[in-house]
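Structure first, commentary second.
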There are 2 protein chains.
Amino acid sequence: MRIAELSSRSGTSVASIKYYLREGLLPPGTSTGRNQAAYGEHHLRRLRLIRALIDVGGLSIAAAREVLSAVDTPQLPGHTLLGVAHGALDRPHRRDPSDPAWRAAREEVATLVRERGWHVAEDSSGLDNAADAVAAMRQLGQEDLLEAMPTYADAAERIAEHELDLVIARRDPARMVEGVVAGTILGETLISALRRLAEQAASARRLPTA
Amino acid sequence: MRIAELSSRSGTSVASIKYYLREGLLPPGTSTGRNQAAYGEHHLRRLRLIRALIDVGGLSIAAAREVLSAVDTPQLPGHTLLGVAHGALDRPHRRDPSDPAWRAAREEVATLVRERGWHVAEDSSGLDNAADAVAAMRQLGQEDLLEAMPTYADAAERIAEHELDLVIARRDPARMVEGVVAGTILGETLISALRRLAEQAASARRLPTA
């Protein structure tokens with residue numbers, strides 16, 4: 001198909017498609033003449049994935065490029081790919097590791113992870129991001145809110161097991177790879193939205209509304 | 001204290017403090033002469049909150065300004081403040097509401113919310129964000145991953161109830177307000193990090209690693 005059809009079928013402007021082509025997120029089409037190229041169904045599928053990662057998952061162009069390049073490396077083990085998808089969700093953390101309060105928070109998170117029997121890499125950015133939040137809560141005098149940590153960890157555990165069940169049920173490695181990426185990144189948006197809805201419902205019942 | 005002391009005690013550069021003053025996130029100090037001002041403990045506390053919202057919560061300057069202005073409105077009911085904190089976490093969604101697939105996803109989310117007895121505003125952005133993720137999963141052929149939705153919703157419900165318990169236990173309205181903001185925004189960072197850690201642990205056990 002021509003770029004105009006790719007645009008209308010994907011709901012993405014021609015300008016955006018050209019931008020994704022330039023940025024290397026979308027592979028080039030087959031040249032059919034001066035300034036013309038033909039695109040296939042795989043371009044349409046890739047374009048939908050790009051839009052989902054950027055528009056729904058909130059990824060930057062650079063983060064989306066990393067994820068797509070991992071998806072395009074079929075020999076990459078599933079666990080490694082998960083690490084790449086997680087890297088795209090990583091928040092740039094700016095805490096000073098020499099700050100004793102931050103180090104204490106990092107150790108608190110590491111202890112929780114150990115006690116739950118979660119085996120994770122010692123340099124996992126999830127440990128740093130969690131420590132950022134714990135250190136900030138303590139510094140703001142909000143440490144009582146950290147009593148919800150076991151509830152958060154239980155929820156994380158149940159969610160992770162169910163997600164892995166679904167990905168593993170697919171059996172086909174290529175489909176498992178897609179599932180890891182979509183589940184990790186779109187799942188984050190979905191969980192965040194459902195938490196806000198549940199909070200709104202609980203708050204309407206229990207906090208002053210007017 | 002002078003701005004230099006405020007900087008060293010908060011671990012924030014003088015340039016950043018001046019930027020927050022210009023942007024209206026930090027209230028001005030008391031003028032003590034030409035180009036000099038004195039700052040108090042409340043400036044230090046506010047500065048820590050600003051850094052937590054921006055560095056740990058990932059909020060933009062504009063979103064942080066909205067949240068801080070709500071915190072500064074003491075007569076604002078807790079439930080309304082929660083809405084402001086949620087607004088700061090809202091993802092800009094770009095789906096076309098005239099798209100039948102998106103409308104079906106929105107209805108699917110609304111049905112889930114209704115069946116769970118969650119009373120939320122019909123125009124809640126959480127409904128739109130969740131619909132974005134559901135529609136994207138279906139469009140990418142990942143609909144089997146939506147079988148995790150009940151697990152996500154259970155987790156959201158347990159988390160919300162525990163968070164509300166902790167905020168309500170404070171009794172003091174000013175402390176409740178702080179708790180809603182810190183819990184909503186820092187809690188999001190914490191939950192996201194713990195989910196990634198739990199996924200890494202589950203994946204290391206269950207997916208090919210090398």
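Lettering and numbering for the structure tokens are positional, with chains as A, B, ... in the shown order, residues counted from 1 in each chain, and ligands counted from 1 in the shown order.
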Next on the checklist: Residues of chain B within 7 Å of chain A, counting only C-alpha atoms, what are they? List them as JSON, numbers by chain.
Outcome noted: {"B": [48, 49, 52, 55, 56, 77, 78, 79, 80, 86, 93, 94, 118, 119, 120, 126, 129, 130, 132, 133, 136, 140, 142, 145, 148, 151, 152, 153, 155, 156, 157, 159, 160, 161, 162, 163, 164, 166, 179, 183, 186, 189, 190, 191, 193, 194, 195, 196, 197, 198, 199, 200, 201, 202, 203, 204, 207, 208, 209, 210]}
Item to check | Exercise: Ile3 (chain A) partners within 10 Å, only C-alpha atoms, chain neighbours under 2 positions left out, as a ChimeraX atom specification | outcome: /A:1,5-9,13-14,17-18,29,36-39
For those residues, write C-alpha atoms to a file as a PDB file, in the first residue's frame.
```pdb
ATOM      1  CA  MET A   1       0.000   0.000   0.000  1.00  0.00           C
ATOM      2  CA  GLU A   5      -3.348   4.234   2.793  1.00  0.00           C
ATOM      3  CA  LEU A   6      -0.981   3.330   5.629  1.00  0.00           C
ATOM      4  CA  SER A   7      -1.907   6.673   7.154  1.00  0.00           C
ATOM      5  CA  SER A   8      -5.668   6.212   6.878  1.00  0.00           C
ATOM      6  CA  ARG A   9      -5.634   2.587   8.042  1.00  0.00           C
ATOM      7  CA  SER A  13      -0.732  11.345   9.887  1.00  0.00           C
ATOM      8  CA  VAL A  14       1.657  11.041   6.916  1.00  0.00           C
ATOM      9  CA  ILE A  17       4.830   8.218   9.601  1.00  0.00           C
ATOM     10  CA  LYS A  18       7.670  10.068   7.867  1.00  0.00           C
ATOM     11  CA  GLY A  29       9.024   0.450   2.568  1.00  0.00           C
ATOM     12  CA  GLN A  36       7.425   6.482  -3.654  1.00  0.00           C
ATOM     13  CA  ALA A  37       7.436   3.336  -1.572  1.00  0.00           C
ATOM     14  CA  ALA A  38       5.093   0.432  -0.904  1.00  0.00           C
ATOM     15  CA  TYR A  39       4.240  -0.672   2.623  1.00  0.00           C
TER      16      TYR A  39
END
```
Checklist entry - Any idea what the distance is between CA of Ser69 (chain B) and CA of Pro27 (chain B)? => result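 A separation of 10.9 Å between them.
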Next on the checklist: Write out as a PyMOL selection string the set of residues from region 26-208 of chain B that DSSP, computed on the backbone, places in helix (DSSP H, G or I).
Outcome noted: chain B and resi 41-56+61-71+78-89+100-115+125-139+143-168+173-206
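Nearest-residue note for Ala101 (chain A): choosing from A:Arg65, A:Arg114, A:Val71, A:Arg138, the minimum distance belongs to A:Arg138, counting only C-alpha atoms.
For the pair CA of Arg22 (chain B) and CA of Gly40 (chain B), the interatomic distance is 17.8 Å.
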Item to check | For Gly33 (chain B), the nearest of the candidates B:Ser10, B:Arg2, B:Leu21, B:Val177, counting only C-alpha atoms | outcome: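 Closest to Gly33 (chain B), using only C-alpha atoms: B:Arg2.
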